[in-house]
Amino acid sequence: MSRKLQLIREEKLFRLLPGRTKHSRLEASGVALVDDTTALVAFDNLNQVARINLSLKRHATNALLPAPSLGSGFEDISIDHRNRRVFCLVESVEDFDGLLRGFVAEYDEGARFVRCTRLPSPLTRHNKGFEGLAHMWRGRREYLYALCEAGHKGKGRIEVFVRDRDGGWKASHRIQLPRKAEFEDYAALTYGYRQLAVISQASARLWVARIDEKARAVVPESEVVYRFPNKSYHNVEGIAWLDRHTLVAVSDRKKKTQPDRCLQKDQSIHIFRIPDS
């Protein structure tokens with residue numbers, strides 16, 4: 001049986017951002033951490049990124065920042081702390097050759113647009129592209145981990161890209177998620193402390209495992225699946241490691257087909273502790 005995550009604190013996003021009300025649409029889709037006090041939140045309905053203090057109280061630094069891009073909204077966000085760059089994931093756009101591809105918009109530390117580059121793997125459907133994004137360095141090589149929303153033959157997978165000499169991204173390798181991570185869908189991932197975490201919105205589950213970076217594979221017997229504190233958490237769509245035992249998460253807007261209880265936790269930011277850590 002899956003273990004239950006422990007809620008530390010949470011808040012509706014509109015309560016944290018100036019000028020927003022309970023009627024504002026803040027369809028959170030991704031989260032990344034600037035440091036241990038500040039999060040950046042992406043939205044799939046806005047070309048803006050929210051800066052949120054992790055006290056989850058009103059704070060002078062909380063704001064919505066412009067994030068120009070070729071798409072309308074983003075599916076996830078990640079940060080390169082070495083070069084102080086922010087990456088926002090565009091799920092799928094028709095490329096010049098007519099094929100659908102994911103794109104990554106890149107911004108500098110002043111929130112200025114730098115470039116938007118394609119992820120070379122072609123996609124089959126507009127709404128079944130990349131859902132999660134994680135950035136990491138291994139030595140001098142720079143990588144992006146992109147989580148596919150729909151499983152391949154029923155299994156989840158992560159496409160890994162390495163920075164090319166021209167500043168773009170080229171395919172490096174693929175991580176196939178094991179059977180224990182076979183969920184109904186795949187909504188987000190985060191990679192840090194040699195731990196990979198993946199969430200499913202439909203299954204309302206979190207999967208965590210250690211990664212063997214040399215073998216580029218999941219460490220056998222390291223996997224654990226967690227459930228959320230109650231059945232209201234069916235819209236979690238972004239996660240980021242705060243520390244080895246703590247995750248920050250954000251939730252999308254409740255769908256019309258979902259039960260009313262999901263309104264309690266939608267369009268929110270949450271902090272969870274992993275039990276028995």
# chains A, B, ... in the order shown; residues from 1 in each chain; ligands from 1

call {"tool": "residues_around", "arguments": {"residues": "stretch 129-139 of chain A", "least_positions_apart": "3", "cutoff": "9 Å", "atoms": "only C-alpha atoms", "output": "count of residues only"}}
result
44

call {"tool": "select_by_dssp", "arguments": {"residues": "stretch 4-189 of chain A", "states": "helix (DSSP H, G or I)", "output": "MDAnalysis selection string"}}
result
chainID A and resid 13:15 179:181

call {"tool": "write_last_selection", "arguments": {"atoms": "N, CA and C atoms", "output": "mmCIF file, in the first residue's frame"}}
result
data_model
loop_
_atom_site.group_PDB
_atom_site.id
_atom_site.type_symbol
_atom_site.label_atom_id
_atom_site.label_comp_id
_atom_site.auth_asym_id
_atom_site.auth_seq_id
_atom_site.Cartn_x
_atom_site.Cartn_y
_atom_site.Cartn_z
ATOM 1 N N LEU A 13 -3.299 30.408 -4.699
ATOM 2 C CA LEU A 13 -2.383 31.336 -5.344
ATOM 3 C C LEU A 13 -2.929 32.756 -5.404
ATOM 4 N N PHE A 14 -4.229 32.914 -5.584
ATOM 5 C CA PHE A 14 -4.774 34.268 -5.704
ATOM 6 C C PHE A 14 -4.564 35.068 -4.418
ATOM 7 N N ARG A 15 -4.491 34.388 -3.290
ATOM 8 C CA ARG A 15 -4.289 35.070 -2.013
ATOM 9 C C ARG A 15 -2.850 35.577 -1.850
ATOM 10 N N ARG A 179 7.637 -0.541 -13.910
ATOM 11 C CA ARG A 179 6.231 -0.932 -13.766
ATOM 12 C C ARG A 179 5.559 -0.239 -12.583
ATOM 13 N N LYS A 180 6.287 -0.011 -11.514
ATOM 14 C CA LYS A 180 5.705 0.613 -10.325
ATOM 15 C C LYS A 180 5.234 2.038 -10.604
ATOM 16 N N ALA A 181 5.768 2.646 -11.665
ATOM 17 C CA ALA A 181 5.381 4.013 -12.038
ATOM 18 C C ALA A 181 4.422 4.029 -13.228
#

call {"tool": "select_by_dssp", "arguments": {"residues": "stretch 41-274 of chain A", "states": "strand (DSSP E or B)", "output": "PyMOL selection string"}}
result
chain A and resi 41-43+48-53+63-66+76-80+85-94+100-107+113-123+130-138+141-148+152+155+157-163+169-176+188-192+195-200+205-212+217-218+224-227+236-243+246-251+268-273

call {"tool": "residues_around", "arguments": {"residues": "stretch 33-39 of chain A", "least_positions_apart": "3", "cutoff": "7 Å", "atoms": "only C-alpha atoms", "output": "PyMOL selection string"}}
result
chain A and resi 51-54+240+242

call {"tool": "write_last_selection", "arguments": {"atoms": "N, CA and C atoms", "output": "mmCIF file, in the first residue's frame"}}
result
data_model
loop_
_atom_site.group_PDB
_atom_site.id
_atom_site.type_symbol
_atom_site.label_atom_id
_atom_site.label_comp_id
_atom_site.auth_asym_id
_atom_site.auth_seq_id
_atom_site.Cartn_x
_atom_site.Cartn_y
_atom_site.Cartn_z
ATOM 1 N N ARG A 51 6.330 34.815 -8.971
ATOM 2 C CA ARG A 51 7.374 34.670 -7.946
ATOM 3 C C ARG A 51 6.675 34.653 -6.599
ATOM 4 N N ILE A 52 6.887 33.559 -5.840
ATOM 5 C CA ILE A 52 6.151 33.318 -4.600
ATOM 6 C C ILE A 52 7.127 33.051 -3.451
ATOM 7 N N ASN A 53 6.950 33.762 -2.340
ATOM 8 C CA ASN A 53 7.717 33.466 -1.141
ATOM 9 C C ASN A 53 7.165 32.209 -0.481
ATOM 10 N N LEU A 54 8.059 31.305 -0.069
ATOM 11 C CA LEU A 54 7.618 30.004 0.434
ATOM 12 C C LEU A 54 7.085 30.025 1.857
ATOM 13 N N ALA A 240 8.734 20.302 -7.225
ATOM 14 C CA ALA A 240 10.156 20.648 -7.156
ATOM 15 C C ALA A 240 10.682 20.261 -5.788
ATOM 16 N N LEU A 242 12.441 20.797 -2.467
ATOM 17 C CA LEU A 242 12.898 21.859 -1.576
ATOM 18 C C LEU A 242 14.138 21.384 -0.819
#

call {"tool": "closest_residue", "arguments": {"among": "A:Ile8, A:Asn62, A:Leu263, A:Arg118", "to": "A:Arg20", "atoms": "only C-alpha atoms"}}
result
A:Asn62

call {"tool": "atom_distance", "arguments": {"atom1": "atom CA of A:Ala204", "atom2": "atom CA of A:Lys231"}}
result
8.1 Å
